[in-house]
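**Student:** Below: one structure in structure tokens.
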Amino acid sequence: MTENNNTMRGFGRRMTTGEKVKCGLWCLAIALFALWMGSWVPLLALPFAVDVYWTKFIPWTWWKGIKNGFLRSVMSWVDAIVFALVAVWILQNFFVQNFKIPTTSLEKTMRAGDYLLVSKVSYGPRIPMTPLSLPIFHNTIDILGANLGDSYLDKPLLDYSRMPGLGKVERYDIVVFNYPSGDTVASEMPSADYYQLRFQFGTEAMHAGKFGKLIYRPVDRRENYVKRCVGLPGDTLQIIDNIIHIDGKALETPRYAQQRYFVATQPGKEIAASTWKKLGVYDEDHTDFDLVANFPKTELAMTLGLATDVQTGEFKGKIYSALLTREMKAKLEGMTGTVVYVGVVPAEIFGRDFVYPLSETNPWTRADYGPIWIPKKGASVELNAWNAEVYGRCIRNYEGNTLEEGEGGTWLLNGKPATTYTFRMDYYWMMGDNRDNSADSRYWGFVPENHIVGKPLFIWFSLDPETGSMLTERILMRVHG
């Protein structure tokens, strides 16, 4: 008596037409994926694909034979969840990933509350550096506001490798990347830049636990940021009076780029909340300086060159600080019966800017910055005191070398005297369109190629950050460079 065809196991078992088609498609998909990855590792899945549809040596659905109905139902859910987790892990690491815009740094191009579908294929997916990780959760398991620990194991930790993509990062691309300064995080201030904290409070304070335990995160587990790429490998970038120049030529400013302006009104006049809303300026993007007790309005008016009252010496109008696009600025300037002044807020007016590289001798500001050369793979720089400040983090943190100053102005690279350093990766310069409200490359430097995550395709969901209501007009909106 022979065993039924559906329960036979081994190479003698005959496959149905449907099983042959499914098995063939899975084997082809695995082979193509291995070819795309440039590795034989995915081919290890071939025997399992063949076993599922043909040999059936492994009892994949053993739980269906459980007599206890409740236990069988539980195991069916476990089976479905495990399959879903594996599918999401593959999808998230190699194809697409969900990303929420957390800040206003790209206003008005993108809004806080936009949910993006990010393509890993556009620039080529990275081979996961921390392969043993839970999908959905990025670096910590956060459920209902509770942090349940890391969502990944840091061993094994694989070297950086990227699969072929559809293209490379181009100028003006909006790019999702891992936050370079996120290699070290203070547990009690996880959103703060560790290097900014160390610069202001000192290394001893950081290691003494002033801001909590210091946590090191692998590259692919550093926080995700989204900015616009304005500088490519090999470019020399300079910002002059808020205008970006590349190799001496001014870049076109994106239409929706914003800057912070002072807006002053005629005596006794003010700009109504409805007017700000009509202009498209959100509540959190404008401030009435009459309400800022520690900032004298008349002193500010005199600094801006505004006329004060002849008798009292006071400025009788209103002064606002507002984030504006060029179009918003032009509309306010047209309100001649109300507005008497619209001018860019000087970078230094609220105190010193701590821009990259963090140095007491660095004279740059967010509005007047550089020139600075962006490292390119295979290109070299001279090792000197200034270049060690500018490129030291690239050489040490991102490319894994030691760099120390020796005697008589000499430099030791990995313990040996050296006069130059040759970069092993390409680097990029990322900035937000909301220029005066964006923590970007001006503050933490270059983005290495191994930190590039992907390219946003479109907004699949959006919530108004002020009201919490769904913005249906933004859903399925494409993300343009």
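Chain identifiers are assigned as A, B, and so on, following the order in which chains appear in the structure tokens; residues are numbered from 1 within each chain, and ligands are numbered from 1 in order of appearance.
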Quick one: residues within 7 Å of Asn98 (chain A), only C-alpha atoms, excluding same-chain residues fewer than 4 positions away - as a count of residues only?

**Tutor:** 4

**Student:** Tell me which protein, DNA and RNA residues are within 8 Å of Arg424 (chain A), counting only C-alpha atoms, leaving out same-chain ones fewer than 5 positions away, and put them as a list in words.

**Tutor:**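 My reading of the contact set: Lys376, Lys377, Gly378 and Glu399 of chain A.
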
**Student:** Export C-alpha atoms of the chosen residues as a PDB file, in the first residue's frame?

**Tutor:**
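See out-v8.pdb below for the written result:
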ATOM      1  CA  LYS A 376      35.595  62.195  -1.642  1.00  0.00           C
ATOM      2  CA  LYS A 377      36.600  58.537  -1.775  1.00  0.00           C
ATOM      3  CA  GLY A 378      40.218  58.231  -2.915  1.00  0.00           C
ATOM      4  CA  GLU A 399      36.626  55.242   9.048  1.00  0.00           C
TER       5      GLU A 399
END

**Student:** Grab the CA of Lys455 (chain A) to CA of Glu170 (chain A) distance for me, in Å with one decimal place.

**Tutor:** 10.7 Å

**Student:** Determine, counting only C-alpha atoms, which protein, DNA and RNA residues have an atom within 12 Å of an atom of Met431 (chain A); residues of the same chain fewer than 6 positions away are not included. Present the result as a PDB file with N, CA and C atoms, in the first residue's frame.

**Tutor:**
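File written: selection.pdb
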ATOM      1  N   SER A 105      12.342  70.839  10.257  1.00  0.00           N
ATOM      2  CA  SER A 105      13.561  71.277   9.570  1.00  0.00           C
ATOM      3  C   SER A 105      13.407  71.363   8.053  1.00  0.00           C
ATOM      4  N   LEU A 106      12.389  70.694   7.479  1.00  0.00           N
ATOM      5  CA  LEU A 106      12.173  70.773   6.034  1.00  0.00           C
ATOM      6  C   LEU A 106      10.901  71.552   5.672  1.00  0.00           C
ATOM      7  N   GLU A 107      10.296  72.241   6.661  1.00  0.00           N
ATOM      8  CA  GLU A 107       9.167  73.113   6.335  1.00  0.00           C
ATOM      9  C   GLU A 107       9.631  74.141   5.299  1.00  0.00           C
ATOM     10  N   ARG A 171      22.502  66.215  -6.071  1.00  0.00           N
ATOM     11  CA  ARG A 171      22.250  67.495  -5.421  1.00  0.00           C
ATOM     12  C   ARG A 171      20.750  67.825  -5.452  1.00  0.00           C
ATOM     13  N   TYR A 172      20.254  68.342  -4.371  1.00  0.00           N
ATOM     14  CA  TYR A 172      18.855  68.705  -4.136  1.00  0.00           C
ATOM     15  C   TYR A 172      17.987  67.510  -3.743  1.00  0.00           C
ATOM     16  N   ASP A 173      18.517  66.287  -3.813  1.00  0.00           N
ATOM     17  CA  ASP A 173      17.738  65.125  -3.347  1.00  0.00           C
ATOM     18  C   ASP A 173      17.381  65.297  -1.875  1.00  0.00           C
ATOM     19  N   ILE A 174      16.171  64.891  -1.516  1.00  0.00           N
ATOM     20  CA  ILE A 174      15.809  64.773  -0.105  1.00  0.00           C
ATOM     21  C   ILE A 174      16.170  63.348   0.299  1.00  0.00           C
ATOM     22  N   VAL A 175      16.977  63.222   1.354  1.00  0.00           N
ATOM     23  CA  VAL A 175      17.596  61.942   1.701  1.00  0.00           C
ATOM     24  C   VAL A 175      17.322  61.595   3.159  1.00  0.00           C
ATOM     25  N   VAL A 176      17.011  60.320   3.410  1.00  0.00           N
ATOM     26  CA  VAL A 176      16.930  59.801   4.778  1.00  0.00           C
ATOM     27  C   VAL A 176      18.264  59.138   5.096  1.00  0.00           C
ATOM     28  N   TYR A 225      17.406  60.658  10.195  1.00  0.00           N
ATOM     29  CA  TYR A 225      17.164  62.070   9.898  1.00  0.00           C
ATOM     30  C   TYR A 225      16.779  62.192   8.434  1.00  0.00           C
ATOM     31  N   VAL A 226      16.121  63.293   8.085  1.00  0.00           N
ATOM     32  CA  VAL A 226      15.813  63.570   6.680  1.00  0.00           C
ATOM     33  C   VAL A 226      16.162  65.028   6.387  1.00  0.00           C
ATOM     34  N   LYS A 227      16.982  65.245   5.373  1.00  0.00           N
ATOM     35  CA  LYS A 227      17.406  66.589   4.973  1.00  0.00           C
ATOM     36  C   LYS A 227      17.563  66.620   3.450  1.00  0.00           C
ATOM     37  N   ARG A 228      17.891  67.801   2.950  1.00  0.00           N
ATOM     38  CA  ARG A 228      18.177  67.956   1.524  1.00  0.00           C
ATOM     39  C   ARG A 228      19.688  67.936   1.312  1.00  0.00           C
ATOM     40  N   CYS A 229      20.149  67.169   0.326  1.00  0.00           N
ATOM     41  CA  CYS A 229      21.572  67.125  -0.002  1.00  0.00           C
ATOM     42  C   CYS A 229      21.926  68.354  -0.835  1.00  0.00           C
ATOM     43  N   VAL A 230      22.842  69.180  -0.323  1.00  0.00           N
ATOM     44  CA  VAL A 230      23.270  70.363  -1.067  1.00  0.00           C
ATOM     45  C   VAL A 230      24.739  70.294  -1.463  1.00  0.00           C
ATOM     46  N   GLY A 231      25.494  69.375  -0.848  1.00  0.00           N
ATOM     47  CA  GLY A 231      26.912  69.251  -1.168  1.00  0.00           C
ATOM     48  C   GLY A 231      27.285  67.811  -1.448  1.00  0.00           C
ATOM     49  N   LEU A 237      32.143  73.841  -0.355  1.00  0.00           N
ATOM     50  CA  LEU A 237      30.898  74.536   0.005  1.00  0.00           C
ATOM     51  C   LEU A 237      31.212  75.764   0.849  1.00  0.00           C
ATOM     52  N   ILE A 239      28.832  79.185   2.651  1.00  0.00           N
ATOM     53  CA  ILE A 239      27.573  79.907   2.827  1.00  0.00           C
ATOM     54  C   ILE A 239      27.923  81.368   3.066  1.00  0.00           C
ATOM     55  N   ASN A 242      23.721  83.606   4.070  1.00  0.00           N
ATOM     56  CA  ASN A 242      22.646  82.609   3.983  1.00  0.00           C
ATOM     57  C   ASN A 242      22.491  81.970   2.601  1.00  0.00           C
ATOM     58  N   ILE A 244      23.968  79.484  -0.246  1.00  0.00           N
ATOM     59  CA  ILE A 244      24.935  78.393  -0.414  1.00  0.00           C
ATOM     60  C   ILE A 244      25.679  78.555  -1.733  1.00  0.00           C
ATOM     61  N   THR A 253      18.112  78.718  -4.345  1.00  0.00           N
ATOM     62  CA  THR A 253      17.449  78.404  -3.086  1.00  0.00           C
ATOM     63  C   THR A 253      16.100  77.769  -3.384  1.00  0.00           C
ATOM     64  N   PRO A 254      15.782  76.613  -2.783  1.00  0.00           N
ATOM     65  CA  PRO A 254      14.481  75.980  -3.022  1.00  0.00           C
ATOM     66  C   PRO A 254      13.332  76.945  -2.740  1.00  0.00           C
ATOM     67  N   ALA A 257      12.113  77.127   0.838  1.00  0.00           N
ATOM     68  CA  ALA A 257      13.093  77.313   1.910  1.00  0.00           C
ATOM     69  C   ALA A 257      12.670  78.488   2.789  1.00  0.00           C
ATOM     70  N   GLN A 258      12.880  78.335   4.096  1.00  0.00           N
ATOM     71  CA  GLN A 258      12.493  79.363   5.059  1.00  0.00           C
ATOM     72  C   GLN A 258      13.703  79.923   5.783  1.00  0.00           C
ATOM     73  N   ARG A 366      26.034  80.020  11.182  1.00  0.00           N
ATOM     74  CA  ARG A 366      25.126  79.296  10.278  1.00  0.00           C
ATOM     75  C   ARG A 366      24.859  80.086   8.999  1.00  0.00           C
ATOM     76  N   ASN A 437      16.054  76.927  11.470  1.00  0.00           N
ATOM     77  CA  ASN A 437      15.463  76.061  12.490  1.00  0.00           C
ATOM     78  C   ASN A 437      15.750  74.606  12.137  1.00  0.00           C
ATOM     79  N   SER A 438      17.006  74.356  11.797  1.00  0.00           N
ATOM     80  CA  SER A 438      17.391  73.026  11.331  1.00  0.00           C
ATOM     81  C   SER A 438      18.748  72.634  11.903  1.00  0.00           C
ATOM     82  N   ALA A 439      18.789  71.528  12.633  1.00  0.00           N
ATOM     83  CA  ALA A 439      20.059  70.951  13.092  1.00  0.00           C
ATOM     84  C   ALA A 439      20.594  70.103  11.945  1.00  0.00           C
ATOM     85  N   ASP A 440      21.556  70.631  11.216  1.00  0.00           N
ATOM     86  CA  ASP A 440      22.025  69.948  10.009  1.00  0.00           C
ATOM     87  C   ASP A 440      23.550  69.950   9.948  1.00  0.00           C
ATOM     88  N   SER A 441      24.099  69.744   8.762  1.00  0.00           N
ATOM     89  CA  SER A 441      25.553  69.584   8.623  1.00  0.00           C
ATOM     90  C   SER A 441      26.338  70.781   9.134  1.00  0.00           C
ATOM     91  N   ARG A 442      25.711  71.946   9.203  1.00  0.00           N
ATOM     92  CA  ARG A 442      26.414  73.110   9.756  1.00  0.00           C
ATOM     93  C   ARG A 442      26.761  72.897  11.231  1.00  0.00           C
ATOM     94  N   TYR A 443      26.038  72.010  11.889  1.00  0.00           N
ATOM     95  CA  TYR A 443      26.234  71.797  13.324  1.00  0.00           C
ATOM     96  C   TYR A 443      26.931  70.476  13.639  1.00  0.00           C
ATOM     97  N   TRP A 444      26.795  69.458  12.764  1.00  0.00           N
ATOM     98  CA  TRP A 444      27.435  68.180  13.064  1.00  0.00           C
ATOM     99  C   TRP A 444      28.256  67.600  11.916  1.00  0.00           C
ATOM    100  N   GLY A 445      28.407  68.342  10.833  1.00  0.00           N
ATOM    101  CA  GLY A 445      29.372  67.945   9.820  1.00  0.00           C
ATOM    102  C   GLY A 445      28.860  67.033   8.721  1.00  0.00           C
ATOM    103  N   PHE A 446      29.751  66.191   8.241  1.00  0.00           N
ATOM    104  CA  PHE A 446      29.525  65.395   7.030  1.00  0.00           C
ATOM    105  C   PHE A 446      28.686  64.147   7.309  1.00  0.00           C
ATOM    106  N   VAL A 447      27.983  63.703   6.250  1.00  0.00           N
ATOM    107  CA  VAL A 447      27.239  62.440   6.306  1.00  0.00           C
ATOM    108  C   VAL A 447      27.996  61.413   5.472  1.00  0.00           C
TER     109      VAL A 447
END

**Student:** So which residues of region 11-255 of chain A fall under helix (DSSP H, G or I) by DSSP, listed as number ranges by chain?

**Tutor:** A: 17-37, 41-55, 62-65, 69-94, 180-183, 194-201, 203-207, 219-221

**Student:** Tell me which of A:Arg72, A:Lys64, A:His207, A:Lys22 sits closest to Val52 (chain A), counting only C-alpha atoms.

**Tutor:** A:Lys22

**Student:** If we count only C-alpha atoms, what is near Asp288 (chain A) at a cut-off of 12 Å, once residues fewer than 3 positions away on the same chain are taken out, given as an MDAnalysis selection string?

**Tutor:** chainID A and resid 262:265 270:273 276 283:285 291:293 295:297 317:322

**Student:** So that I can check the secondary structure, give me every residue of region 124-199 of chain A assigned strand (DSSP E) by backbone DSSP, as a tab-separated table (two decimals) with N, CA, C and O atoms, in the first residue's frame.

**Tutor:**
chain	number	residue	atom	x	y	z
A	140	THR	N	15.14	50.98	19.80
A	140	THR	CA	14.62	50.58	21.10
A	140	THR	C	13.20	50.05	20.93
A	140	THR	O	12.49	50.44	19.99
A	141	ILE	N	12.78	49.18	21.84
A	141	ILE	CA	11.42	48.64	21.81
A	141	ILE	C	10.55	49.57	22.68
A	141	ILE	O	10.58	49.49	23.91
A	142	ASP	N	9.85	50.45	22.02
A	142	ASP	CA	8.99	51.40	22.73
A	142	ASP	C	7.53	51.01	22.54
A	142	ASP	O	7.01	51.04	21.41
A	143	ILE	N	6.87	50.64	23.62
A	143	ILE	CA	5.46	50.25	23.57
A	143	ILE	C	4.70	51.08	24.60
A	143	ILE	O	5.01	51.05	25.80
A	146	ALA	N	6.66	53.09	27.03
A	146	ALA	CA	7.63	52.38	27.88
A	146	ALA	C	8.78	51.84	27.02
A	146	ALA	O	8.55	51.22	25.99
A	147	ASN	N	10.01	52.10	27.47
A	147	ASN	CA	11.19	51.61	26.77
A	147	ASN	C	11.56	50.24	27.35
A	147	ASN	O	11.96	50.14	28.51
A	148	LEU	N	11.43	49.21	26.52
A	148	LEU	CA	11.69	47.84	26.96
A	148	LEU	C	13.08	47.34	26.61
A	148	LEU	O	13.36	46.15	26.74
A	149	GLY	N	13.95	48.26	26.16
A	149	GLY	CA	15.32	47.86	25.84
A	149	GLY	C	15.61	47.95	24.36
A	149	GLY	O	14.78	48.37	23.55
A	150	ASP	N	16.83	47.56	23.98
A	150	ASP	CA	17.25	47.61	22.58
A	150	ASP	C	16.46	46.63	21.72
A	150	ASP	O	16.09	45.54	22.18
A	174	ILE	N	16.17	64.89	-1.52
A	174	ILE	CA	15.81	64.77	-0.10
A	174	ILE	C	16.17	63.35	0.30
A	174	ILE	O	15.74	62.38	-0.34
A	175	VAL	N	16.98	63.22	1.35
A	175	VAL	CA	17.60	61.94	1.70
A	175	VAL	C	17.32	61.60	3.16
A	175	VAL	O	17.38	62.46	4.04
A	176	VAL	N	17.01	60.32	3.41
A	176	VAL	CA	16.93	59.80	4.78
A	176	VAL	C	18.26	59.14	5.10
A	176	VAL	O	18.79	58.37	4.29
A	177	PHE	N	18.82	59.46	6.28
A	177	PHE	CA	20.13	58.92	6.64
A	177	PHE	C	20.20	58.76	8.16
A	177	PHE	O	19.39	59.31	8.90
A	178	ASN	N	21.16	57.96	8.60
A	178	ASN	CA	21.41	57.81	10.03
A	178	ASN	C	22.19	59.02	10.54
A	178	ASN	O	23.16	59.45	9.90
A	184	THR	N	27.23	58.18	19.62
A	184	THR	CA	27.25	58.17	21.09
A	184	THR	C	26.05	58.97	21.59
A	184	THR	O	25.78	60.07	21.08
A	185	VAL	N	25.34	58.42	22.57
A	185	VAL	CA	24.13	59.05	23.08
A	185	VAL	C	24.17	59.05	24.61
A	185	VAL	O	24.55	58.05	25.23
A	186	ALA	N	23.82	60.18	25.23
A	186	ALA	CA	23.68	60.26	26.69
A	186	ALA	C	22.26	59.83	27.04
A	186	ALA	O	21.29	60.42	26.54

**Student:** I'd like the contact shell of Tyr123 (chain A) - 9 Å cut-off, only C-alpha atoms, skipping same-chain residues fewer than 2 positions apart - returned as a PyMOL selection string.

**Tutor:** chain A and resi 119-121+125+162-169+452-455

**Student:** Using only C-alpha atoms for the distances, tell me which of A:Trp89, A:Tyr356, A:Trp60, A:Tyr261 is nearest to Phe199 (chain A).

**Tutor:**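 So, comparing all the options, the nearest one is A:Tyr356.
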
**Student:** Applying 10 Å and only C-alpha atoms, which residues near Met189 (chain A) remain after dropping the ones on its own chain fewer than 5 positions away? List them as a VMD selection string.

**Tutor:** chain A and resid 194 197 211 to 214

**Student:** Can you measure CA of Thr103 (chain A) to CA of Leu91 (chain A) for me? One decimal in Å is fine.

**Tutor:**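 Pair CA of Thr103 (chain A) / CA of Leu91 (chain A) returns 25.7 Å.
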
**Student:** Would you mind telling me which residue in A:Pro102, A:Pro233, A:Gly415, A:Gly337 lies nearest to Gly268 (chain A) when using only C-alpha atoms?

**Tutor:**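 So, comparing all the options, the nearest one is A:Gly337.
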
**Student:** Find the residues of region 70-142 of chain A that sit at most 12 Å from region 37-50 of chain A; for each, write down the nearest two atoms and how far apart they are in Å, to one decimal. Count only C-alpha atoms. Sort by chain, then by number going up, and give it as CSV.

**Tutor:**
residue,atom,partner,partner_atom,distance
A:Ile90,CA,A:Pro42,CA,11.7
A:Phe94,CA,A:Met37,CA,9.9
A:Val121,CA,A:Met37,CA,11.8
A:Gly124,CA,A:Met37,CA,9.8
A:Pro125,CA,A:Met37,CA,9.2
A:Arg126,CA,A:Met37,CA,9.5
A:Ile127,CA,A:Met37,CA,8.1
A:Pro128,CA,A:Met37,CA,11.6

**Student:** List as a count of residues only the protein and nucleic acid residues near region 400-406 of chain A, meaning an atom at most 12 Å away when only C-alpha atoms are counted, but skip any in the same chain fewer than 4 places from it.

**Tutor:** 30
